[in-house]
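Next up, model-v3.tsv (TSV, C-alpha atoms):
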chain	number	residue	atom	x	y	z
A	859	MET	CA	89.99	109.70	110.31
A	860	SER	CA	90.85	108.28	113.73
A	861	ASN	CA	90.61	104.54	113.15
A	862	LEU	CA	93.84	104.04	115.04
A	863	ASP	CA	92.79	100.63	116.27
A	864	LEU	CA	92.68	99.23	112.72
A	865	TRP	CA	95.72	97.07	112.03
A	866	PHE	CA	96.83	94.89	109.15
A	867	ARG	CA	98.44	91.49	108.80
A	868	ARG	CA	99.05	88.98	106.05
A	869	MET	CA	96.24	86.49	105.46
A	870	THR	CA	97.11	82.83	106.10
A	871	LEU	CA	95.41	79.64	104.95
A	872	GLY	CA	93.99	79.39	108.49
A	873	ASP	CA	92.13	82.68	107.95
A	874	VAL	CA	90.30	81.66	104.79
A	875	GLU	CA	87.25	80.24	106.57
A	876	ARG	CA	86.71	83.53	108.46
A	877	VAL	CA	87.43	85.55	105.30
A	878	MET	CA	84.73	83.58	103.48
A	879	LYS	CA	82.10	84.79	105.96
A	880	VAL	CA	82.81	88.41	104.99
A	881	GLU	CA	83.14	87.56	101.29
A	882	GLN	CA	79.77	85.78	101.20
A	883	GLU	CA	78.11	88.54	103.21
A	884	VAL	CA	79.12	91.36	100.89
A	885	TYR	CA	79.10	89.79	97.41
A	886	GLU	CA	76.35	88.13	95.43
A	887	PHE	CA	79.09	86.31	93.48
A	888	PRO	CA	81.84	85.78	96.08
A	889	TRP	CA	85.28	84.36	95.53
A	890	THR	CA	85.68	80.74	96.66
A	891	GLU	CA	87.88	79.32	99.40
A	892	ARG	CA	90.02	77.79	96.67
A	893	ILE	CA	90.64	81.16	95.00
A	894	PHE	CA	91.82	82.68	98.28
A	895	SER	CA	93.95	79.63	99.10
A	896	ASP	CA	95.51	79.69	95.63
A	897	CYS	CA	96.26	83.42	95.94
A	898	ILE	CA	98.06	82.81	99.24
A	899	ARG	CA	99.97	79.82	97.84
A	900	VAL	CA	101.21	81.61	94.70
A	901	GLY	CA	102.43	84.59	96.70
A	902	TYR	CA	99.90	87.33	96.03
A	903	TYR	CA	99.77	89.90	98.79
A	904	CYS	CA	96.72	88.83	100.79
A	905	TRP	CA	95.88	91.09	103.72
A	906	LEU	CA	93.45	91.36	106.59
A	907	ALA	CA	92.31	94.59	108.21
A	908	LEU	CA	91.42	93.94	111.84
A	909	GLN	CA	89.96	95.75	114.79
A	910	GLN	CA	90.99	93.84	117.90
A	911	GLN	CA	90.55	90.26	116.58
A	912	ASN	CA	87.57	91.05	114.34
A	913	ILE	CA	88.06	90.99	110.59
A	914	VAL	CA	87.02	94.38	109.24
A	915	GLY	CA	87.99	93.42	105.71
A	916	HIS	CA	90.34	91.58	103.42
A	917	ALA	CA	92.22	92.34	100.24
A	918	VAL	CA	94.34	90.67	97.59
A	919	ILE	CA	96.82	92.55	95.43
A	920	SER	CA	99.43	91.47	92.94
A	921	VAL	CA	102.58	93.42	92.19
A	922	THR	CA	104.67	92.84	89.09
A	923	ALA	CA	106.76	94.91	86.70
A	924	GLY	CA	106.08	98.19	88.47
A	925	GLU	CA	102.31	97.71	88.45
A	926	SER	CA	99.94	96.63	91.19
A	927	HIS	CA	96.48	95.19	90.67
A	928	MET	CA	93.88	95.18	93.43
A	929	LEU	CA	92.12	91.89	92.79
A	930	ASN	CA	89.78	91.90	95.79
A	931	LEU	CA	88.84	94.39	98.50
A	932	SER	CA	86.01	93.56	100.87
A	933	ILE	CA	84.82	95.38	103.97
A	934	ALA	CA	82.34	93.62	106.27
A	935	SER	CA	78.88	95.19	106.13
A	936	LYS	CA	78.90	96.47	109.71
A	937	TYR	CA	82.16	98.37	109.04
A	938	GLN	CA	81.14	99.94	105.73
A	939	GLY	CA	80.69	103.69	105.47
A	940	LYS	CA	83.06	104.40	108.38
A	941	GLY	CA	86.28	105.13	106.48
A	942	PHE	CA	87.81	101.66	106.92
A	943	GLY	CA	87.84	100.98	103.17
A	944	ARG	CA	89.73	104.19	102.51
A	945	GLN	CA	92.20	103.43	105.30
A	946	PHE	CA	92.72	99.91	103.90
A	947	ILE	CA	93.29	101.30	100.39
A	948	GLU	CA	95.95	103.70	101.70
A	949	PHE	CA	97.68	100.78	103.41
A	950	LEU	CA	97.57	98.70	100.21
A	951	LEU	CA	98.98	101.59	98.18
A	952	SER	CA	101.88	101.95	100.63
A	953	GLU	CA	102.56	98.20	100.44
A	954	ALA	CA	102.51	98.27	96.64
A	955	GLN	CA	104.83	101.28	96.61
A	956	ALA	CA	107.25	99.47	98.95
A	957	LYS	CA	107.37	96.71	96.32
A	958	GLN	CA	108.28	99.24	93.61
A	959	ALA	CA	104.81	99.57	92.04
A	960	ARG	CA	104.20	102.94	90.39
A	961	THR	CA	100.50	102.45	89.61
A	962	MET	CA	97.58	100.45	90.97
A	963	LEU	CA	94.74	99.14	88.83
A	964	LEU	CA	91.39	97.70	89.85
A	965	GLU	CA	88.05	96.70	88.39
A	966	VAL	CA	84.69	97.53	89.96
A	967	ARG	CA	81.09	96.88	89.03
A	968	PRO	CA	79.31	100.01	87.72
A	969	SER	CA	76.46	99.06	90.10
A	970	ASN	CA	78.79	99.28	93.15
A	971	THR	CA	78.47	103.01	93.69
A	972	ALA	CA	79.75	102.91	97.28
A	973	ALA	CA	83.02	101.34	96.12
A	974	ILE	CA	83.30	103.75	93.19
A	975	ASN	CA	82.88	106.69	95.57
A	976	CYS	CA	85.55	105.23	97.87
A	977	TYR	CA	88.00	104.72	94.98
A	978	ASN	CA	87.37	108.24	93.68
A	979	ALA	CA	87.97	109.65	97.17
A	980	ALA	CA	91.23	107.67	97.32
A	981	GLY	CA	92.47	109.32	94.13
A	982	PHE	CA	91.64	106.64	91.57
A	983	ASN	CA	90.46	107.64	88.11
A	984	GLU	CA	88.30	105.69	85.69
A	985	ILE	CA	90.42	104.81	82.66
A	986	GLY	CA	88.25	102.32	80.77
A	987	SER	CA	85.98	99.33	81.00
A	988	ARG	CA	86.06	95.57	80.50
A	989	LYS	CA	83.05	94.11	78.71
A	990	ASP	CA	81.17	91.20	80.38
A	991	TYR	CA	83.75	90.97	83.16
A	992	TYR	CA	81.56	89.97	86.11
A	993	PRO	CA	78.90	87.29	86.51
A	994	ALA	CA	75.43	88.77	86.99
A	995	ARG	CA	71.95	87.42	87.68
A	996	GLU	CA	71.13	87.70	84.01
A	997	GLY	CA	74.29	87.18	82.01
A	998	ARG	CA	77.34	89.34	82.65
A	999	GLU	CA	78.12	92.84	83.92
A	1000	ASP	CA	80.86	95.07	82.57
A	1001	ALA	CA	83.65	96.30	84.84
A	1002	LEU	CA	84.92	99.84	85.16
A	1003	LEU	CA	88.72	99.97	85.15
A	1004	PHE	CA	90.29	102.41	87.60
A	1005	ALA	CA	93.92	103.41	88.10
A	1006	ARG	CA	95.95	105.52	90.48
A	1007	GLN	CA	99.51	106.62	90.19
A	1008	ILE	CA	101.27	105.66	93.43
A	1009	VAL	CA	104.38	107.81	93.08
A	1010	ALA	CA	104.85	111.12	91.36
A	1011	THR	CA	106.45	110.88	87.93
A	1012	ASP	CA	109.54	112.79	89.14
A	1013	ASP	CA	109.96	110.33	92.04
A	1014	ALA	CA	109.66	107.36	89.69
A	1015	LEU	CA	112.53	108.70	87.56
A	1016	ASN	CA	114.93	109.21	90.47

Render the structure in this file as structure tokens.
Amino acid sequence: MSNLDLWFRRMTLGDVERVMKVEQEVYEFPWTERIFSDCIRVGYYCWLALQQQNIVGHAVISVTAGESHMLNLSIASKYQGKGFGRQFIEFLLSEAQAKQARTMLLEVRPSNTAAINCYNAAGFNEIGSRKDYYPAREGREDALLFARQIVATDDALN
């Protein structure tokens, strides 16, 4: 993958309006400006992936007690299917590892096959499900729960 011009920086409150454009473009039930603002304010790790000054995607992860949780990962439609999601995931894993996380968890809609394929390719494994997790047009949709070990067990013990 030669996406060398993709770079990452922390999301600021000033970015939220631009982030919302991507969020609303890619999700039927997008996060709100307030959710992103609150995530930034409480200290979650909120990141942008950029190509020049264009937002390719955004992500929010939490890290606590040796565990990281990917709460949001969005790639703008015109950048999907080009490897940017995978590159962003690898960056997020390295950030979580730098903060002493040993595993990363995430939820994904069973209907989001492109994301599931990306997570599988990035080494995540399905470990369970959460009933009625997501809003849906008619009621609720379950979530698949995925996990990936970030460091080898031997490394975690040393």

### Distance of atom CA of A:Ile1008 from atom CA of A:Tyr937, expressed in Å to one decimal place
25.7 Å

### Task
Provide the atom CA of A:Glu996 to atom CA of A:Glu881 distance in Å, to one decimal place.
21.0 Å

### Task
Using all atoms listed in the file, collect all residues at a distance of at most 12 Å from (83.7, 88.3, 87.9) as written in the file, then present them as a ChimeraX atom specification.
/A:885-890,929-930,965-967,988-995,997-1002

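Among the candidates A:Lys940, A:Arg899, A:Arg876, A:His927, the one nearest to A:Ile913 when counting only C-alpha atoms is A:Arg876.
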
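Here atom CA of A:Leu871 and atom CA of A:Ser895 stand 6.0 Å from one another.
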
### Query
Contacts of A:Arg944 at 8 Å or less, counting all atoms listed in the file, minus same-chain residues fewer than 4 places along, as a list in words?
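Here the answer would be Glu948, Cys976, Tyr977, Ala979 and Ala980 of chain A.
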
### Task
Kindly indicate which residue among A:Val874, A:Ile919, A:Glu883, A:Ala1005 lies nearest to A:Val900, using all atoms listed in the file for the distances.
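Ranking A:Val874, A:Ile919, A:Glu883, A:Ala1005 by distance to A:Val900, first place goes to A:Ile919.
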
Report, as JSON, the centre and edge lengths in Å (one decimal) of the axis-aligned box enclosing every listed atom of stretch 955-966 of chain A, padded by 4 Å on each side.
{"center_x": 96.5, "center_y": 99.8, "center_z": 93.7, "size_x": 31.6, "size_y": 14.2, "size_z": 18.6}

### Message
Between A:Cys904, A:Ile985, A:Phe949, A:Leu964, which residue has the minimum interatomic distance to A:Glu925, considering only C-alpha atoms?
### Response
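Going through A:Cys904, A:Ile985, A:Phe949, A:Leu964 one by one, the smallest distance to A:Glu925 is for A:Leu964.
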